[in-house]
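Trainee: Just passing along the structure, written as structure tokens.
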Amino acid sequence: MRFSFSDDQTEYAAFLADLLGTVAGPGYLRAAWSAGHAYESTLWPKLAESGLFGVCVPEEEGGAGGTLVDLALCLEACGYHGVPEPVVETAVLAPHVIGEFGSEAERKKWLRAIAEGEAVASASFDPSGITPDGTRADVVVVKSGEELHLVTPDRASWQPLDGVDLSRRLARGTFAAGEATLLTADPAAAARASGLGAAATACVLVGVAQRLADMTREYVIERRQFGRALGTFQILKHRLANVAIQTEAARSLAWYACYAVAHRAADAPLAAARAKAAANRASELAGSAALQLHGGIGFTWEHDLHLWLQRGKALEGAFGSTLEHRTAVGGMVIEQLASPGAPVHGIEHAGTTR
Amino acid sequence: MDLRLSGELLSFRDEVRTWLRDNVPERPLAPVTTERGFAEHREWERRLAAAGLAAVHWPVEHGGRGLDALSASVFYDEYVRAGAPDRLGRLGLGLVGPTLMEWGTPRQRELLPAMLTCDDIWCQGFSEPDAGSDLASLRTRGEVGTDSIRINGQKVWTSHFRFATWIFALVRTDPEAPKHRGISYVLIPCDTPGVEFRPIRQMNDDAEFAELFLTDVEVPLENVVGGLGNGWKVAMSTLTHERSSNLNTAAHFHRVLRDAVALIPEARRNDSLVRYEVGRFHEEIEAYRFMTLRTLTEVSKGEKPGPQASMGKVWWSELQTRILEFALSMLASEAEVRSGGLPGATNLFKHYWMSRASHIYAGSNEIQRNIIAERVLGLPRSA
Ligand SMILES: Cc1cc2nc3c(=O)[nH]c(=O)nc-3n(C[C@H](O)[C@H](O)[C@H](O)COP(=O)(O)OP(=O)(O)OC[C@H]3O[C@@H](n4cnc5c(N)ncnc54)[C@H](O)[C@@H]3O)c2cc1C
């Protein structure tokens, strides 16, 4: 039993993080913000070259035949470095869904192209039809009710929208979904795809929370008021400690969610929901501490903080809010525990841990 | 990442599961604070020891199984799930035992076997009236003679004193040395003349702790652990063990949650607020499980534990209190009744208060957060 990543996984993520540290980051992100919908990604070919998009593509289609576990740390790095490209959609959702449910022709058409970075994929899982990179995507995995569809631009019409995070290049799609686009009508398959999206996005959000926490940590060490560093004030320390605790909790759940989803564990839906809810909380706590502890400078456009704050807010809603996930998990737990015949034991063992 | 148990661990788990199924008493034992309860618990501990299960993570030479941290966690998971009795010799098993393995002389290590059979019960004499969180300011004096040490002072909040035979205590042996350097870690037999416990009744009416008066208590110098003036270092290794108690497994908190869920009135099971809360508790328990598993993996691989290793105590103590607060709110007025008529809800407040105590002991949660901020995040010290 080993709840950690292999050397290969760790080294690959470190390589990717290094790369992102030089080619992505605040400057790159600002360019993406300014260009808005007109933006041309210069990062995409580098991500493709790094092999990121092929990790979950089967080997016979030119990929590495890996799983979400291989990507967990990479996704965190993407969040940490603020990568605006649709990595969750292209590297995780599309390969899994097309790989499993696509026709022979669809698999041939898309998987290799995805692995090589020639196709940009997105996903539209929200009933609102709101989709990141909608207008840019060559192919979109659409969840419609409990069905999964594969939609190409000729079957979609897009209305570009400005989101809180302009680098996400949102668009609202209306799809001519039908027989021709249907991948599967199996509700379990749709649920599994939602789980993939939630688990992968949880990893990205952990990276976002970590970035916000790190920026704030550095700021309170440097900034002085009342003749001392802000970081010596205990109330600020404790606030950052709480952020760190929630972030480690979320990270631990995100890792397990990737494992559970990859291995189709019985508790995979629960694991993905828990991970996304905890990652949302980490991003919320980190974001509100970051904004507060930076004081006025954090409220400016000029300071980089808001790039991650707005990304965090955008992703907190994607693939399920905290409210949605916790309520669903609670419902499942109550049904499981309160079913007739479940024993009543009394809380006699609570609190006796000393 | 591979969460399957190895074949070896699976058969160990099965052995433990079978043994527990055949041996765990059907009815709960009497409370450990009573004579009868103490005897029953000791009887149970001896059965565990005879089966080689008293301290699976201790080395074989000291009566353990020599299992690594991961395997030990498999044992405790099973133990908690089986609803087995509370461990009697926790301070010996979990705190002073491992400390003696690390720092003790061969003579001192001879004390280990009696911890397993609970022939000796240990209590912790660290806190003083004026030295709580600021433990290093402790004032209990130890005057060092040629071959003995004479101790005078007062300790307080000493738990498990009632049946204790030994105290592990911190005393100041060099008042001239800097605060942290003049302290020694001393083992004191409770029957030494001058040792006096005065029970203090706890606010939750449960187990008691005590004031401990030490008046001209003389113990041989060989009872000093880790050398004179080295007590702070030795104590730090004890406190590390204290904060990572084996019994606080996710399985324990899942049981607490299960019991709380059983108190939800039928009509409120679909209430989305209730579901939200239960969902949150479940998420937080699992987060604890996987934070712990990360640490266990790191320890088993001989790596330095990551940041999450310093966060468990704050997390579980506050999580458990939230679950109990939820349970109280489900019972509403019924919760007020001490000998509550509802099954599973007897004296809920008593447990609730006990869970609050865990925010104070073993390094208060404020101190824990200071440690996380300063040692994990590297923020500057406050003054
Ligand atoms: C049920 C129970 C059992 C116990 N059993 C034992 C035992 O067996 N042996 C033993 O030696 N001790 C035992 N203790 C004592 C326990 O370790 C102390 O109570 C604890 O260390 C706090 O010390 P104190 O009570 O003096 O509180 P104080 O240190 O006075 O603290 C009071 C409050 O101030 C806060 N505070 C203090 N310093 C700081 C700071 N620097 N920053 C922020 N906040 C701060 C604390 O967190 C706390 O909330 C037990 C306590 C309890 C409640």
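Ligands are numbered from 1 in the order shown, residues from 1 within each chain, and chains are lettered A, B, ... in the order they appear in the structure tokens.
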Please provide as a PDB file with all heavy atoms, in the first residue's frame all residues within 6 Å of range 282-294 of chain A, with the sequence filter that same-chain residues fewer than 4 positions apart are discarded (counting only C-alpha atoms).

Mentor:
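As written to disk, out_23.pdb reads:
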```
ATOM      1  N   ALA A 209      -5.162  27.413  -5.108  1.00  0.00           N
ATOM      2  CA  ALA A 209      -5.143  27.754  -3.682  1.00  0.00           C
ATOM      3  C   ALA A 209      -3.706  27.871  -3.176  1.00  0.00           C
ATOM      4  O   ALA A 209      -3.359  28.785  -2.419  1.00  0.00           O
ATOM      5  CB  ALA A 209      -5.910  26.698  -2.873  1.00  0.00           C
ATOM      6  N   LEU A 212      -2.201  31.180  -4.336  1.00  0.00           N
ATOM      7  CA  LEU A 212      -2.724  32.300  -3.548  1.00  0.00           C
ATOM      8  C   LEU A 212      -2.078  32.315  -2.159  1.00  0.00           C
ATOM      9  O   LEU A 212      -1.698  33.372  -1.638  1.00  0.00           O
ATOM     10  CB  LEU A 212      -4.249  32.184  -3.422  1.00  0.00           C
ATOM     11  CG  LEU A 212      -5.045  32.463  -4.713  1.00  0.00           C
ATOM     12  CD1 LEU A 212      -6.458  31.913  -4.608  1.00  0.00           C
ATOM     13  CD2 LEU A 212      -5.070  33.966  -4.994  1.00  0.00           C
ATOM     14  N   ALA A 213      -1.947  31.125  -1.573  1.00  0.00           N
ATOM     15  CA  ALA A 213      -1.356  31.027  -0.235  1.00  0.00           C
ATOM     16  C   ALA A 213       0.116  31.445  -0.265  1.00  0.00           C
ATOM     17  O   ALA A 213       0.590  32.186   0.598  1.00  0.00           O
ATOM     18  CB  ALA A 213      -1.496  29.601   0.301  1.00  0.00           C
ATOM     19  N   THR A 216       0.580  35.174  -0.674  1.00  0.00           N
ATOM     20  CA  THR A 216       0.225  35.895   0.545  1.00  0.00           C
ATOM     21  C   THR A 216       1.278  35.694   1.622  1.00  0.00           C
ATOM     22  O   THR A 216       1.645  36.620   2.355  1.00  0.00           O
ATOM     23  CB  THR A 216      -1.155  35.418   1.029  1.00  0.00           C
ATOM     24  OG1 THR A 216      -2.045  35.455  -0.082  1.00  0.00           O
ATOM     25  CG2 THR A 216      -1.685  36.310   2.127  1.00  0.00           C
ATOM     26  N   VAL A 243      -5.683  28.269   6.022  1.00  0.00           N
ATOM     27  CA  VAL A 243      -5.625  28.086   4.570  1.00  0.00           C
ATOM     28  C   VAL A 243      -4.758  26.866   4.244  1.00  0.00           C
ATOM     29  O   VAL A 243      -5.133  26.011   3.436  1.00  0.00           O
ATOM     30  CB  VAL A 243      -5.044  29.345   3.876  1.00  0.00           C
ATOM     31  CG1 VAL A 243      -4.709  29.055   2.415  1.00  0.00           C
ATOM     32  CG2 VAL A 243      -6.023  30.510   3.986  1.00  0.00           C
ATOM     33  N   GLN A 246      -6.600  23.569   5.112  1.00  0.00           N
ATOM     34  CA  GLN A 246      -7.657  23.224   4.149  1.00  0.00           C
ATOM     35  C   GLN A 246      -7.033  22.815   2.808  1.00  0.00           C
ATOM     36  O   GLN A 246      -7.536  21.919   2.140  1.00  0.00           O
ATOM     37  CB  GLN A 246      -8.620  24.398   3.969  1.00  0.00           C
ATOM     38  CG  GLN A 246      -9.757  24.133   2.986  1.00  0.00           C
ATOM     39  CD  GLN A 246     -10.721  23.045   3.445  1.00  0.00           C
ATOM     40  OE1 GLN A 246     -11.047  22.942   4.630  1.00  0.00           O
ATOM     41  NE2 GLN A 246     -11.182  22.208   2.511  1.00  0.00           N
ATOM     42  N   THR A 247      -5.941  23.439   2.456  1.00  0.00           N
ATOM     43  CA  THR A 247      -5.306  23.099   1.180  1.00  0.00           C
ATOM     44  C   THR A 247      -4.726  21.684   1.219  1.00  0.00           C
ATOM     45  O   THR A 247      -4.862  20.915   0.259  1.00  0.00           O
ATOM     46  CB  THR A 247      -4.208  24.131   0.823  1.00  0.00           C
ATOM     47  OG1 THR A 247      -4.813  25.432   0.825  1.00  0.00           O
ATOM     48  CG2 THR A 247      -3.611  23.864  -0.544  1.00  0.00           C
ATOM     49  N   GLY A 298      -3.770  44.524  -3.220  1.00  0.00           N
ATOM     50  CA  GLY A 298      -4.406  43.315  -3.756  1.00  0.00           C
ATOM     51  C   GLY A 298      -5.683  43.630  -4.507  1.00  0.00           C
ATOM     52  O   GLY A 298      -6.190  42.799  -5.264  1.00  0.00           O
ATOM     53  N   LEU A 309      -7.269  34.945  -8.170  1.00  0.00           N
ATOM     54  CA  LEU A 309      -8.548  35.052  -7.454  1.00  0.00           C
ATOM     55  C   LEU A 309      -9.712  34.760  -8.406  1.00  0.00           C
ATOM     56  O   LEU A 309     -10.633  34.021  -8.077  1.00  0.00           O
ATOM     57  CB  LEU A 309      -8.721  36.474  -6.899  1.00  0.00           C
ATOM     58  CG  LEU A 309      -7.946  36.801  -5.635  1.00  0.00           C
ATOM     59  CD1 LEU A 309      -8.100  38.283  -5.301  1.00  0.00           C
ATOM     60  CD2 LEU A 309      -8.461  35.959  -4.474  1.00  0.00           C
ATOM     61  N   GLY A 312      -9.822  31.163  -9.515  1.00  0.00           N
ATOM     62  CA  GLY A 312     -10.385  30.347  -8.435  1.00  0.00           C
ATOM     63  C   GLY A 312     -11.902  30.436  -8.434  1.00  0.00           C
ATOM     64  O   GLY A 312     -12.596  29.417  -8.430  1.00  0.00           O
TER      65      GLY A 312
END
```

Trainee: So which residues touch Leu379 in chain B within 6 Å, counting only C-alpha atoms, skipping near sequence neighbours fewer than 5 positions away, as a PDB file with N, CA and C atoms, in the first residue's frame?

Mentor:
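What landed in selection.pdb:
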```pdb
ATOM      1  N   GLY A 231       3.609  39.382   9.018  1.00  0.00           N
ATOM      2  CA  GLY A 231       3.595  37.962   9.345  1.00  0.00           C
ATOM      3  C   GLY A 231       3.867  37.655  10.806  1.00  0.00           C
TER       4      GLY A 231
ATOM      5  N   ALA B 373       2.105  27.811  11.376  1.00  0.00           N
ATOM      6  CA  ALA B 373       2.480  29.082  10.752  1.00  0.00           C
ATOM      7  C   ALA B 373       4.001  29.272  10.766  1.00  0.00           C
ATOM      8  N   GLU B 374       4.618  28.946  11.894  1.00  0.00           N
ATOM      9  CA  GLU B 374       6.052  29.245  12.009  1.00  0.00           C
ATOM     10  C   GLU B 374       6.934  28.145  11.414  1.00  0.00           C
TER      11      GLU B 374
END
```

Trainee: For ligand 1, collect every residue having any atom at a distance of at most 6 Å from a ligand atom (counting only C-alpha atoms and all ligand atoms); output as a list in words.

Mentor: Gln124, Gly125, Phe126, Ser127, Ala131, Gly132, Ser133, Trp157, Thr158, Ser159, Ala357, Ile360, Tyr361, Ala362, Gly363, Ser364, Glu366 and Ile367 of chain B

Trainee: For chain A against chain B, which residues fall within 6 Å using only C-alpha atoms, given as a VMD selection string?

Mentor: chain A and resid 1 to 5 231 to 232 237 to 238 241 248 to 249 252 to 253 274 326 to 327 329 to 331 345 to 347 350 to 351

Trainee: What would the file look like if the residues just selected were written as a CSV table (one decimal), in the first residue's frame with N, CA, C and O atoms?

Mentor:
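Dumped to part.csv:
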```
chain,number,residue,atom,x,y,z
A,1,MET,N,0.8,-1.2,0.0
A,1,MET,CA,0.0,0.0,0.0
A,1,MET,C,0.9,1.2,0.0
A,1,MET,O,1.8,1.3,0.8
A,2,ARG,N,0.6,2.2,-0.9
A,2,ARG,CA,1.4,3.3,-1.0
A,2,ARG,C,0.6,4.5,-1.5
A,2,ARG,O,0.1,4.4,-2.7
A,3,PHE,N,0.4,5.5,-0.7
A,3,PHE,CA,-0.4,6.6,-1.1
A,3,PHE,C,0.5,7.8,-1.5
A,3,PHE,O,0.7,8.8,-0.8
A,4,SER,N,1.2,7.6,-2.6
A,4,SER,CA,2.2,8.6,-3.0
A,4,SER,C,2.4,8.4,-4.5
A,4,SER,O,2.0,7.3,-5.1
A,5,PHE,N,3.1,9.3,-5.2
A,5,PHE,CA,3.3,9.2,-6.6
A,5,PHE,C,4.6,8.5,-6.9
A,5,PHE,O,5.5,8.5,-6.1
A,231,GLY,N,3.6,39.4,9.0
A,231,GLY,CA,3.6,38.0,9.3
A,231,GLY,C,3.9,37.7,10.8
A,231,GLY,O,3.7,36.5,11.2
A,232,THR,N,4.2,38.7,11.6
A,232,THR,CA,4.4,38.4,13.0
A,232,THR,C,3.1,38.5,13.8
A,232,THR,O,3.0,38.2,14.9
A,237,LYS,N,-1.2,35.0,11.0
A,237,LYS,CA,-0.6,33.6,11.0
A,237,LYS,C,-1.7,32.5,11.0
A,237,LYS,O,-1.6,31.6,10.3
A,238,HIS,N,-2.6,32.7,12.0
A,238,HIS,CA,-3.6,31.6,12.1
A,238,HIS,C,-4.5,31.6,10.9
A,238,HIS,O,-4.9,30.5,10.5
A,241,ALA,N,-2.5,29.7,8.5
A,241,ALA,CA,-2.5,28.3,8.9
A,241,ALA,C,-3.8,27.5,8.5
A,241,ALA,O,-3.7,26.4,8.0
A,248,GLU,N,-4.1,21.3,2.3
A,248,GLU,CA,-3.6,19.9,2.4
A,248,GLU,C,-4.7,18.9,2.5
A,248,GLU,O,-4.6,17.8,1.9
A,249,ALA,N,-5.8,19.3,3.1
A,249,ALA,CA,-7.0,18.4,3.2
A,249,ALA,C,-7.5,18.2,1.7
A,249,ALA,O,-7.7,17.0,1.3
A,252,SER,N,-5.1,16.1,-0.4
A,252,SER,CA,-5.2,14.6,-0.1
A,252,SER,C,-6.4,14.0,-0.8
A,252,SER,O,-6.4,12.9,-1.3
A,253,LEU,N,-7.5,14.7,-0.7
A,253,LEU,CA,-8.8,14.2,-1.3
A,253,LEU,C,-8.7,14.2,-2.8
A,253,LEU,O,-9.2,13.3,-3.5
A,274,ARG,N,-16.4,14.8,-3.0
A,274,ARG,CA,-15.7,15.3,-1.8
A,274,ARG,C,-14.5,16.1,-2.2
A,274,ARG,O,-14.2,17.2,-1.6
A,326,ARG,N,-21.6,18.6,-1.5
A,326,ARG,CA,-21.8,18.2,-0.1
A,326,ARG,C,-23.2,17.7,0.1
A,326,ARG,O,-23.4,16.7,0.8
A,327,THR,N,-24.2,18.3,-0.5
A,327,THR,CA,-25.6,17.9,-0.3
A,327,THR,C,-25.7,16.5,-0.9
A,327,THR,O,-26.4,15.6,-0.3
A,329,VAL,N,-23.3,14.2,-1.3
A,329,VAL,CA,-22.6,13.2,-0.5
A,329,VAL,C,-23.4,12.9,0.7
A,329,VAL,O,-23.6,11.8,1.1
A,330,GLY,N,-23.9,14.0,1.4
A,330,GLY,CA,-24.7,13.8,2.6
A,330,GLY,C,-25.9,12.9,2.4
A,330,GLY,O,-26.2,12.0,3.2
A,331,GLY,N,-26.5,13.1,1.3
A,331,GLY,CA,-27.7,12.3,0.9
A,331,GLY,C,-27.3,10.8,0.8
A,331,GLY,O,-28.0,10.0,1.4
A,345,HIS,N,-25.4,2.6,17.9
A,345,HIS,CA,-24.4,2.3,18.9
A,345,HIS,C,-24.2,3.3,20.1
A,345,HIS,O,-23.6,3.0,21.0
A,346,GLY,N,-24.7,4.5,19.9
A,346,GLY,CA,-24.4,5.4,21.0
A,346,GLY,C,-23.1,6.1,20.7
A,346,GLY,O,-22.2,5.5,20.1
A,347,ILE,N,-23.0,7.3,21.2
A,347,ILE,CA,-21.7,8.1,20.9
A,347,ILE,C,-20.7,7.8,22.0
A,347,ILE,O,-20.0,8.7,22.4
A,350,ALA,N,-17.0,8.6,21.4
A,350,ALA,CA,-16.6,10.0,21.0
A,350,ALA,C,-15.8,10.6,22.1
A,350,ALA,O,-16.2,10.5,23.3
A,351,GLY,N,-14.8,11.3,21.7
A,351,GLY,CA,-14.1,12.2,22.7
A,351,GLY,C,-13.3,11.5,23.7
A,351,GLY,O,-12.7,12.1,24.6
```

Trainee: Just want the 6 Å neighbourhood of range 176-189 of chain A, counted on only C-alpha atoms, with same-chain residues fewer than 3 positions away dropped. Output as number ranges by chain.

Mentor: A: 101, 146-150, 155, 192
